[in-house]
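S.K.: My structure is in my_file.txt, and what it holds is compact mmCIF, C-alpha atoms and all ligand atoms:
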# COMPACT_ATOMS: atom_id res chain seq x y z
CA MET A 921 163.38 117.66 115.26
CA ALA A 922 163.03 120.94 117.11
CA GLU A 923 164.39 120.82 120.61
CA GLN A 924 161.67 120.63 123.20
CA ASN A 925 160.93 123.90 124.96
CA GLY A 926 162.17 124.18 128.50
CA ILE A 927 159.89 123.80 131.51
CA ILE A 928 161.12 127.26 132.60
CA GLN A 929 161.84 129.90 130.00
CA LEU A 930 162.86 133.35 131.11
CA LYS A 931 163.32 135.66 128.16
CA LYS A 932 165.09 138.99 128.29
CA ILE A 933 164.26 139.61 131.93
CA ASP A 934 164.98 143.01 133.48
CA VAL A 935 164.23 143.79 137.11
CA THR A 936 164.74 147.36 138.22
CA PHE A 937 164.20 148.68 141.74
CA GLN A 938 163.80 152.28 142.78
CA ASN A 939 165.48 152.86 146.09
CA GLU A 940 165.75 156.30 147.73
CA GLY A 941 165.76 158.03 144.38
CA LYS A 942 168.33 155.61 142.94
CA THR A 943 167.66 153.04 140.25
CA ILE A 944 169.04 149.57 140.91
CA GLU A 945 169.19 147.26 137.92
CA ALA A 946 169.14 143.96 139.82
CA VAL A 947 168.65 141.80 136.71
CA LYS A 948 169.63 142.92 133.23
CA ASP A 949 168.55 141.20 130.03
CA VAL A 950 168.76 137.64 131.37
CA SER A 951 167.39 134.68 129.42
CA ILE A 952 167.47 131.11 130.70
CA ASP A 953 165.91 127.92 129.47
CA VAL A 954 165.63 125.14 132.01
CA LYS A 955 164.75 121.71 130.63
CA LYS A 956 162.52 119.25 132.44
CA GLY A 957 164.69 117.11 134.70
CA ASP A 958 167.56 119.60 134.88
CA VAL A 959 169.30 120.51 138.08
CA PHE A 960 170.08 124.02 136.96
CA GLY A 961 172.57 125.98 139.04
CA VAL A 962 172.84 129.77 139.19
CA ILE A 963 176.09 130.88 140.77
CA GLY A 964 177.29 134.36 141.62
CA TYR A 965 178.47 136.52 144.47
CA SER A 966 176.14 138.28 146.86
CA GLY A 967 174.20 141.02 145.12
CA ALA A 968 174.63 139.53 141.64
CA GLY A 969 170.85 139.29 141.23
CA LYS A 970 170.36 135.54 141.68
CA SER A 971 167.51 135.68 144.21
CA THR A 972 165.75 138.37 142.25
CA LEU A 973 166.04 136.30 139.09
CA VAL A 974 164.68 133.06 140.54
CA ARG A 975 161.84 134.89 142.28
CA VAL A 976 160.74 135.94 138.81
CA ILE A 977 160.02 132.29 137.98
CA ASN A 978 156.96 132.16 140.25
CA LEU A 979 156.38 135.91 140.02
CA LEU A 980 157.19 136.52 143.67
CA GLN A 981 159.14 139.20 141.83
CA LYS A 982 157.44 140.77 138.83
CA PRO A 983 159.95 141.62 136.10
CA THR A 984 160.19 145.16 134.77
CA ALA A 985 160.52 143.67 131.30
CA GLY A 986 160.64 140.26 129.70
CA THR A 987 158.63 137.06 129.38
CA VAL A 988 158.16 134.26 131.91
CA ILE A 989 156.96 130.93 130.61
CA VAL A 990 156.58 128.00 132.97
CA ASN A 991 155.20 124.71 131.75
CA GLY A 992 154.11 126.40 128.54
CA GLN A 993 152.08 129.05 130.39
CA ASN A 994 152.83 132.73 130.07
CA MET A 995 152.88 133.56 133.78
CA LEU A 996 152.41 137.29 133.25
CA GLU A 997 149.11 136.74 131.49
CA LEU A 998 147.48 134.49 134.09
CA SER A 999 144.52 135.54 136.24
CA GLN A 1000 145.19 135.68 139.99
CA LYS A 1001 143.42 132.35 140.39
CA ASP A 1002 145.41 130.62 137.66
CA LEU A 1003 148.63 132.14 138.99
CA ARG A 1004 147.89 130.62 142.41
CA THR A 1005 147.45 127.23 140.76
CA ALA A 1006 150.61 127.65 138.70
CA ARG A 1007 152.56 128.59 141.82
CA ARG A 1008 151.60 125.34 143.52
CA ASN A 1009 153.65 123.62 140.85
CA ILE A 1010 156.76 125.50 142.01
CA GLY A 1011 158.09 124.65 145.48
CA MET A 1012 160.65 126.88 147.10
CA ILE A 1013 163.19 126.50 149.91
CA PHE A 1014 165.27 129.23 151.50
CA GLN A 1015 168.48 129.82 153.42
CA HIS A 1016 166.65 130.51 156.69
CA PHE A 1017 164.06 127.76 156.24
CA ASN A 1018 161.06 130.08 156.89
CA LEU A 1019 159.25 127.53 159.06
CA MET A 1020 156.41 128.45 161.37
CA ASN A 1021 157.78 128.14 164.87
CA SER A 1022 154.38 127.76 166.49
CA LEU A 1023 153.57 124.67 164.42
CA THR A 1024 155.05 121.20 164.75
CA VAL A 1025 156.97 119.56 161.93
CA TYR A 1026 153.70 117.84 160.96
CA GLY A 1027 151.81 121.15 161.10
CA ASN A 1028 154.37 122.89 158.91
CA VAL A 1029 154.11 120.26 156.18
CA ASP A 1030 150.31 120.26 156.51
CA PHE A 1031 150.12 124.04 156.11
CA PRO A 1032 150.21 124.20 152.28
CA LEU A 1033 147.66 121.37 152.11
CA ARG A 1034 144.90 123.40 153.81
CA ASP A 1035 143.24 124.30 150.49
CA SER A 1036 144.08 121.06 148.72
CA GLY A 1037 140.61 119.56 149.11
CA LEU A 1038 142.15 116.41 150.63
CA SER A 1039 140.52 114.83 153.70
CA LYS A 1040 142.36 114.80 157.00
CA ALA A 1041 143.21 111.11 156.54
CA GLU A 1042 144.51 111.71 153.01
CA ARG A 1043 146.59 114.60 154.25
CA LYS A 1044 148.03 112.45 157.00
CA GLN A 1045 148.97 109.77 154.51
CA LYS A 1046 150.69 112.36 152.34
CA ILE A 1047 152.52 114.05 155.20
CA ASP A 1048 153.74 110.70 156.55
CA LYS A 1049 155.09 109.87 153.11
CA LEU A 1050 156.81 113.25 152.75
CA LEU A 1051 158.40 113.00 156.19
CA ASP A 1052 159.61 109.55 155.26
CA ILE A 1053 161.17 110.87 152.03
CA VAL A 1054 163.11 113.53 153.91
CA GLY A 1055 164.02 111.13 156.74
CA LEU A 1056 162.11 112.82 159.55
CA SER A 1057 159.30 110.37 160.33
CA ASP A 1058 160.30 110.26 163.99
CA ARG A 1059 160.20 114.05 164.36
CA ALA A 1060 156.61 114.77 163.34
CA ASN A 1061 155.65 116.13 166.76
CA ASN A 1062 158.74 118.25 167.32
CA TYR A 1063 158.76 122.01 166.95
CA PRO A 1064 161.33 123.75 164.71
CA SER A 1065 163.22 125.01 167.78
CA GLN A 1066 163.94 121.38 168.68
CA LEU A 1067 165.62 120.65 165.34
CA SER A 1068 169.08 121.16 163.86
CA GLY A 1069 169.55 123.37 160.80
CA GLY A 1070 169.72 120.36 158.50
CA GLN A 1071 166.53 118.92 159.97
CA LYS A 1072 164.77 122.27 159.61
CA GLN A 1073 165.74 122.35 155.96
CA ARG A 1074 164.37 118.82 155.54
CA VAL A 1075 161.03 120.01 156.96
CA ALA A 1076 161.11 122.94 154.55
CA ILE A 1077 161.76 120.51 151.68
CA ALA A 1078 158.85 118.28 152.75
CA ARG A 1079 156.62 121.37 152.93
CA ALA A 1080 157.78 122.52 149.49
CA LEU A 1081 156.86 119.12 148.07
CA ALA A 1082 153.40 119.00 149.64
CA ASN A 1083 151.58 120.05 146.49
CA ASP A 1084 153.57 117.68 144.25
CA PRO A 1085 155.42 120.44 142.40
CA GLU A 1086 157.29 119.66 139.19
CA ILE A 1087 159.76 122.43 139.98
CA LEU A 1088 161.73 123.12 143.14
CA ILE A 1089 163.66 126.34 143.62
CA SER A 1090 166.43 126.35 146.18
CA ASP A 1091 167.50 129.86 147.18
CA GLU A 1092 170.83 129.44 149.02
CA ALA A 1093 169.22 126.56 150.92
CA THR A 1094 172.53 125.22 152.18
CA SER A 1095 174.29 128.50 152.92
CA ALA A 1096 173.53 128.38 156.65
CA LEU A 1097 174.58 124.74 157.04
CA ASP A 1098 177.90 123.08 157.84
CA PRO A 1099 179.69 121.20 155.02
CA LYS A 1100 178.53 117.72 156.05
CA THR A 1101 174.90 118.78 156.40
CA THR A 1102 175.18 120.67 153.12
CA THR A 1103 176.27 117.48 151.39
CA GLU A 1104 173.35 115.57 152.92
CA ILE A 1105 170.79 118.16 151.86
CA LEU A 1106 172.24 118.31 148.34
CA ASP A 1107 172.12 114.50 148.22
CA LEU A 1108 168.47 114.66 149.16
CA LEU A 1109 167.77 117.22 146.42
CA GLY A 1110 169.65 115.04 143.93
CA ARG A 1111 167.51 112.07 144.97
CA LEU A 1112 164.29 114.08 144.52
CA ASN A 1113 165.47 114.97 141.03
CA LYS A 1114 166.29 111.39 140.08
CA GLU A 1115 163.50 109.53 141.83
CA LEU A 1116 160.61 111.98 141.52
CA GLY A 1117 161.79 113.69 138.33
CA ILE A 1118 161.58 117.14 139.91
CA THR A 1119 163.29 119.91 137.99
CA ILE A 1120 165.48 121.88 140.37
CA VAL A 1121 166.84 125.42 140.15
CA ILE A 1122 169.49 125.99 142.76
CA ILE A 1123 171.14 129.29 143.51
CA THR A 1124 174.37 129.43 145.41
CA HIS A 1125 177.70 131.17 145.74
CA GLU A 1126 179.53 127.87 146.14
CA MET A 1127 180.91 125.91 143.21
CA ASP A 1128 181.07 122.79 145.38
CA ALA A 1129 177.28 122.77 145.69
CA ILE A 1130 176.96 123.15 141.92
CA LYS A 1131 179.47 120.36 141.35
CA GLN A 1132 177.65 117.97 143.57
CA ILE A 1133 174.28 117.95 141.82
CA CYS A 1134 173.89 120.32 138.88
CA ASN A 1135 173.97 119.27 135.25
CA ARG A 1136 173.79 122.86 133.99
CA VAL A 1137 175.28 126.05 135.32
CA SER A 1138 174.84 129.74 134.71
CA VAL A 1139 177.02 132.42 136.19
CA MET A 1140 175.70 135.85 137.18
CA GLU A 1141 177.60 139.04 137.78
CA ASN A 1142 176.16 142.53 138.31
CA GLY A 1143 172.69 141.48 137.22
CA ARG A 1144 173.86 139.87 134.01
CA LEU A 1145 174.20 136.24 133.05
CA ILE A 1146 177.80 136.11 131.87
CA GLU A 1147 178.31 132.43 131.11
CA GLU A 1148 176.18 129.35 130.75
CA GLY A 1149 176.73 125.72 129.89
CA ASP A 1150 176.67 122.14 131.01
CA LEU A 1151 178.58 121.31 134.16
CA LEU A 1152 181.50 119.63 132.46
CA SER A 1153 182.18 122.42 130.00
CA ILE A 1154 181.87 125.11 132.65
CA PHE A 1155 184.14 123.19 134.94
CA GLY A 1156 186.63 121.96 132.37
CA ASN A 1157 186.77 125.03 130.20
CA PRO A 1158 185.51 128.17 131.94
CA LYS A 1159 185.67 131.26 129.74
CA GLU A 1160 184.93 134.27 131.93
CA GLN A 1161 187.25 135.36 134.71
CA LEU A 1162 184.56 135.07 137.38
CA THR A 1163 183.74 131.52 136.30
CA LYS A 1164 187.45 130.70 136.42
CA ASP A 1165 187.64 132.12 139.92
CA PHE A 1166 184.75 129.93 141.11
CA VAL A 1167 186.27 126.84 139.50
CA ASN A 1168 189.75 127.64 140.85
CA THR A 1169 188.41 128.03 144.38
CA SER A 1170 186.67 124.71 144.12
CA THR A 1171 189.68 122.79 142.74
CA HIS A 1172 191.96 124.66 145.20
CA ILE A 1173 194.37 125.58 142.42
CA GLY A 1174 193.65 129.24 143.16
CA SER A 1175 195.02 128.95 146.70
CA VAL A 1176 197.97 126.82 145.51
CA LEU A 1177 198.97 129.54 143.03
CA ASP A 1178 198.59 132.18 145.74
CA GLU A 1179 200.79 130.13 148.04
CA ILE A 1180 203.47 129.63 145.40
CA ARG A 1181 203.44 133.35 144.70
CA ASP A 1182 203.27 134.59 148.28
CA SER A 1183 205.72 132.14 149.83
CA GLY A 1184 208.51 133.17 147.52
CA ILE A 1185 208.74 129.67 146.01
CA VAL A 1186 208.07 131.34 142.71
CA ASP A 1187 211.56 132.90 142.77
CA LYS A 1188 213.15 129.50 143.25
CA LEU A 1189 211.10 127.68 140.64
CA SER A 1190 212.94 126.78 137.53
CA GLY A 1191 211.26 126.02 134.25
CA ARG A 1192 207.99 127.10 132.76
CA LEU A 1193 204.82 126.79 134.79
CA ILE A 1194 201.96 125.06 133.03
CA GLU A 1195 198.36 124.53 134.10
CA LEU A 1196 196.62 121.69 132.37
CA ASN A 1197 192.89 120.96 132.45
CA TYR A 1198 191.34 117.87 130.98
CA ILE A 1199 188.02 116.12 130.78
CA GLY A 1200 187.86 112.39 130.19
CA ASP A 1201 190.58 109.83 130.15
CA SER A 1202 193.88 111.69 129.97
CA THR A 1203 195.64 110.98 133.21
CA ASN A 1204 198.63 112.63 134.78
CA GLU A 1205 201.23 109.89 134.57
CA PRO A 1206 201.17 109.13 130.84
CA ILE A 1207 201.53 112.82 130.05
CA VAL A 1208 204.52 113.22 132.36
CA VAL A 1209 206.14 110.04 130.99
CA GLU A 1210 205.48 111.09 127.39
CA LEU A 1211 207.06 114.50 127.92
CA TYR A 1212 210.22 112.86 129.14
CA LYS A 1213 210.29 110.11 126.52
CA ARG A 1214 209.59 112.40 123.58
CA PHE A 1215 211.45 115.58 124.58
CA GLN A 1216 213.58 114.71 127.62
CA VAL A 1217 211.64 117.41 129.39
CA GLU A 1218 210.98 116.89 133.07
CA ALA A 1219 207.57 117.77 134.47
CA ASN A 1220 207.74 118.56 138.14
CA ILE A 1221 204.16 118.22 139.38
CA LEU A 1222 203.30 120.94 141.91
CA PHE A 1223 199.61 120.23 142.25
CA SER A 1224 197.04 117.89 140.86
CA ASN A 1225 193.34 117.43 141.45
CA ILE A 1226 191.16 114.80 139.88
CA GLU A 1227 187.45 114.42 140.46
CA ARG A 1228 184.48 112.61 139.06
CA LEU A 1229 181.71 114.86 137.82
CA GLN A 1230 178.68 113.19 136.28
CA ASN A 1231 180.67 109.98 135.88
CA THR A 1232 183.42 111.74 133.97
CA THR A 1233 186.95 112.41 135.11
CA VAL A 1234 187.84 116.08 135.34
CA GLY A 1235 191.45 116.79 136.14
CA ILE A 1236 193.69 119.74 136.73
CA MET A 1237 197.45 119.66 137.03
CA LEU A 1238 200.09 122.28 137.64
CA PHE A 1239 203.68 121.52 136.75
CA ALA A 1240 207.00 123.15 136.02
CA LEU A 1241 208.69 122.01 132.81
CA THR A 1242 212.47 121.92 132.72
CA GLY A 1243 214.85 120.95 129.91
CA ASP A 1244 216.43 122.54 126.87
CA ASP A 1245 214.51 125.68 125.89
CA ASP A 1246 213.76 124.31 122.43
CA LYS A 1247 212.61 121.01 123.79
CA VAL A 1248 210.38 122.67 126.39
CA GLU A 1249 208.85 124.73 123.60
CA GLU A 1250 208.20 121.54 121.62
CA ALA A 1251 206.74 119.86 124.70
CA ILE A 1252 204.29 122.73 125.14
CA LYS A 1253 203.30 122.46 121.48
CA TYR A 1254 202.77 118.75 122.00
CA LEU A 1255 200.53 119.40 125.03
CA ASN A 1256 198.54 121.87 122.97
CA SER A 1257 197.94 119.18 120.37
CA LEU A 1258 196.31 116.88 122.95
CA LYS A 1259 192.70 117.06 124.04
CA VAL A 1260 193.64 119.12 127.05
CA ASN A 1261 193.52 122.79 127.95
CA VAL A 1262 196.98 124.22 128.37
CA LYS A 1263 197.70 127.52 130.03
CA GLU A 1264 201.13 128.92 130.77
CA ILE A 1265 201.27 130.81 134.04
CA ASP A 1266 203.66 133.65 134.68
CA LEU A 1267 203.28 134.22 138.40
CA LYS A 1268 205.91 136.92 138.51
CA LYS A 1269 204.01 139.00 136.01
CA GLU A 1270 200.55 138.03 137.23
CA GLY A 1271 201.27 139.31 140.77
CA LYS A 1272 198.24 140.37 142.75
N1 LIG B 1301 163.20 144.80 146.99
C1 LIG B 1301 164.33 145.42 146.66
N2 LIG B 1301 164.44 146.74 146.63
C2 LIG B 1301 165.58 147.38 146.28
N3 LIG B 1301 166.71 146.73 145.90
C3 LIG B 1301 166.67 145.39 145.90
C4 LIG B 1301 165.50 144.66 146.28
N4 LIG B 1301 165.78 143.33 146.17
C5 LIG B 1301 167.05 143.25 145.76
N5 LIG B 1301 167.60 144.47 145.58
C6 LIG B 1301 168.96 144.76 145.09
O1 LIG B 1301 169.14 144.03 143.88
C7 LIG B 1301 170.47 143.55 143.80
C8 LIG B 1301 170.45 142.03 143.61
O2 LIG B 1301 170.01 141.42 144.81
P1 LIG B 1301 169.77 139.85 144.95
O3 LIG B 1301 169.29 139.58 146.34
O4 LIG B 1301 168.96 139.37 143.83
O5 LIG B 1301 171.25 139.29 144.78
P2 LIG B 1301 171.79 137.85 145.10
O6 LIG B 1301 172.74 137.51 144.04
O7 LIG B 1301 170.67 136.92 145.35
O8 LIG B 1301 172.58 138.09 146.45
P3 LIG B 1301 172.38 137.36 147.87
O9 LIG B 1301 172.99 136.01 147.70
O10 LIG B 1301 173.17 138.25 148.81
O11 LIG B 1301 170.92 137.36 148.14
C9 LIG B 1301 171.16 144.00 145.06
O12 LIG B 1301 171.85 145.20 144.77
C10 LIG B 1301 170.03 144.26 146.02
O13 LIG B 1301 170.38 145.21 146.98
Mind turning the file's structure into structure tokens?

M.R.:
Amino acid sequence: MAEQNGIIQLKKIDVTFQNEGKTIEAVKDVSIDVKKGDVFGVIGYSGAGKSTLVRVINLLQKPTAGTVIVNGQNMLELSQKDLRTARRNIGMIFQHFNLMNSLTVYGNVDFPLRDSGLSKAERKQKIDKLLDIVGLSDRANNYPSQLSGGQKQRVAIARALANDPEILISDEATSALDPKTTTEILDLLGRLNKELGITIVIITHEMDAIKQICNRVSVMENGRLIEEGDLLSIFGNPKEQLTKDFVNTSTHIGSVLDEIRDSGIVDKLSGRLIELNYIGDSTNEPIVVELYKRFQVEANILFSNIERLQNTTVGIMLFALTGDDDKVEEAIKYLNSLKVNVKEIDLKKEGK
């Protein structure tokens, strides 16, 4: 059976800006296919083109080239009226919330319902329900200036949901929030995805945000999409250097390697330094025990990080292997034969 088409299909999208006589290629030949029910993450550094790309989905940004299909509709061929209707199906939240300061929380959520054709009583019922979903029922009469950043973002989420969209786009929505509030907002987005079935596209420069709720990830660099896959494969087996950097920052192995290198420990380390990544059931201890039992090779664990992503264990371990040279070589071959990713690290050569 043919795989069902995605709810969002961007095909060969280019976005080019002309700025003071210079051409900026913000997005270059990017195709993505977001399935209904996905929480699709787009990660990249500032300037990579993420915002420009997601703004193409609802045509806030018109592409220079390419096709935009949302819910089976070719967005670039719609009349203005049909485009307005199609846009109601795509909610959006932003880093700086974009609330109207002169309106109360209630007024902000009511704003997109002005043209909905609903009566005042129906609107009230809807707004009460939305404020309940985002946990702000007791703040309806407050103004944005009376709210914390996290609460403002909750109002923005309620407002984005007012027209019952099937798609929610989050453009760095947690970038201005502290880590605890970020986790709470991401939890809320995850709940909206699970309970209301909303498809979410989230753009961020933080792998931790991706890890918390996304099932699929794409990585952007210099306007291009350089890597894409499901969360576990991106996390457990990143291919491109930038993806590795994001993953390493999030597992902290990057800073551990820097510390080993910069502190001079590297000169005192004996043995060969191995980084091991695994997805699933392999755990640290059996591997260490096996290496000793089979090859009399000692594995001195320098760092280990295990986390649960989408109910699956994803682990990373860094150790120095010591023993007879031949035996260490055999031990490395043995590791390579397991369902784990093995990488030998030569910190002295790697130097930064
Ligand atoms: N309207 C515009 N006119 C000219 N250049 C633009 C415009 N919008 C974006 N750009 C440029 O396009 C490139 C991509 O910007 P974009 O905002 O999409 O990146 P980003 O990955 O979302 O970064 P950030 O997280 O900082 O917003 C940048 O070089 C930016 O300066």

S.K.: Between CA of Gly964 (chain A) and CA of Glu1141 (chain A), what is the spacing in Å?

M.R.: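 Computed distance, CA of Glu1141 (chain A) to CA of Gly964 (chain A), equals 6.1 Å.
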
S.K.: What's around Ala1041 (chain A) at 12 Å? Count all atoms listed in the file, leave out sequence neighbours fewer than 6 positions away in its own chain, and write the answer as a list in words.

M.R.: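 So, after excluding close chain neighbours, the residues are Asp1030, Ile1047 and Asp1048 of chain A.
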
S.K.: Taking C-alpha atoms for each residue, export the selection above as a PDB file, in the frame of the given file.

M.R.:
ATOM      1  CA  ASP A1030     150.310 120.260 156.510  1.00  0.00           C
ATOM      2  CA  ILE A1047     152.520 114.050 155.200  1.00  0.00           C
ATOM      3  CA  ASP A1048     153.740 110.700 156.550  1.00  0.00           C
TER       4      ASP A1048
END

S.K.: Show me, as a list in words, the residues that have an atom within 12 Å of Glu1227 (chain A) when counting all atoms listed in the file, minus same-chain residues fewer than 5 positions from it.

M.R.: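 Result of the neighbour search: Asp1128, Lys1131, Gln1132, Leu1152, Phe1155, Gly1156, Ser1170, Thr1171, Asn1197, Tyr1198, Ile1199, Gly1200, Asp1201, Thr1203, Thr1232, Thr1233, Val1234, Gly1235, Ile1236 and Met1237 of chain A.
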
S.K.: At a cut-off of 8 Å, can you tabulate as JSON lines every residue of chain A near ligand LIG 1301 (chain B) together with its closest atom pair and the distance in Å to one decimal, using all atoms listed in the file and ordering rows by chain then number?

M.R.:
{"residue": "A:Thr936", "atom": "CA", "partner": "B:LIG1301", "partner_atom": "O1", "distance": 7.9}
{"residue": "A:Phe937", "atom": "CA", "partner": "B:LIG1301", "partner_atom": "C2", "distance": 4.9}
{"residue": "A:Gln938", "atom": "CA", "partner": "B:LIG1301", "partner_atom": "C2", "distance": 6.3}
{"residue": "A:Asn939", "atom": "CA", "partner": "B:LIG1301", "partner_atom": "C2", "distance": 5.5}
{"residue": "A:Ile944", "atom": "CA", "partner": "B:LIG1301", "partner_atom": "N3", "distance": 6.2}
{"residue": "A:Glu945", "atom": "CA", "partner": "B:LIG1301", "partner_atom": "O1", "distance": 6.8}
{"residue": "A:Ala946", "atom": "CA", "partner": "B:LIG1301", "partner_atom": "O1", "distance": 4.1}
{"residue": "A:Val947", "atom": "CA", "partner": "B:LIG1301", "partner_atom": "C8", "distance": 7.1}
{"residue": "A:Gly964", "atom": "CA", "partner": "B:LIG1301", "partner_atom": "O6", "distance": 6.0}
{"residue": "A:Tyr965", "atom": "CA", "partner": "B:LIG1301", "partner_atom": "O6", "distance": 5.8}
{"residue": "A:Ser966", "atom": "CA", "partner": "B:LIG1301", "partner_atom": "O10", "distance": 3.6}
{"residue": "A:Gly967", "atom": "CA", "partner": "B:LIG1301", "partner_atom": "O5", "distance": 3.4}
{"residue": "A:Ala968", "atom": "CA", "partner": "B:LIG1301", "partner_atom": "O6", "distance": 3.7}
{"residue": "A:Gly969", "atom": "CA", "partner": "B:LIG1301", "partner_atom": "O4", "distance": 3.2}
{"residue": "A:Lys970", "atom": "CA", "partner": "B:LIG1301", "partner_atom": "O6", "distance": 3.9}
{"residue": "A:Ser971", "atom": "CA", "partner": "B:LIG1301", "partner_atom": "O7", "distance": 3.6}
{"residue": "A:Thr972", "atom": "CA", "partner": "B:LIG1301", "partner_atom": "O4", "distance": 3.7}
{"residue": "A:Leu973", "atom": "CA", "partner": "B:LIG1301", "partner_atom": "O4", "distance": 6.4}
{"residue": "A:Asp1091", "atom": "CA", "partner": "B:LIG1301", "partner_atom": "O7", "distance": 8.0}
{"residue": "A:Glu1092", "atom": "CA", "partner": "B:LIG1301", "partner_atom": "O9", "distance": 7.0}
{"residue": "A:Ile1123", "atom": "CA", "partner": "B:LIG1301", "partner_atom": "O7", "distance": 7.9}
{"residue": "A:Thr1124", "atom": "CA", "partner": "B:LIG1301", "partner_atom": "O9", "distance": 7.1}
{"residue": "A:His1125", "atom": "CA", "partner": "B:LIG1301", "partner_atom": "O9", "distance": 7.0}
{"residue": "A:Met1140", "atom": "CA", "partner": "B:LIG1301", "partner_atom": "O6", "distance": 7.7}
{"residue": "A:Asn1142", "atom": "CA", "partner": "B:LIG1301", "partner_atom": "C8", "distance": 7.8}
{"residue": "A:Gly1143", "atom": "CA", "partner": "B:LIG1301", "partner_atom": "C8", "distance": 6.8}

S.K.: To one decimal place in Å, what is the distance between CA of Arg1074 (chain A) and CA of Asn1231 (chain A)?

M.R.: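 That distance, rounded to one decimal, is 27.0 Å.
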
S.K.: Mind pulling up the distance from CA of Gly1011 (chain A) to CA of Lys1040 (chain A)?

M.R.: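 Separation between CA of Lys1040 (chain A) and CA of Gly1011 (chain A): 21.8 Å.
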
S.K.: Of the candidates A:Thr1242, A:Thr1005, A:Thr1101, A:Asn1062, which one gets nearest to Asp1084 (chain A) if we count only C-alpha atoms?

M.R.: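 So, comparing all the options, the nearest one is A:Thr1005.
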
S.K.: Using only C-alpha atoms, which residue out of A:Leu1211, A:Ile977, A:Ala1093, A:Val1167 lies closest to His1016 (chain A)?

M.R.: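 Closest candidate: A:Ala1093.
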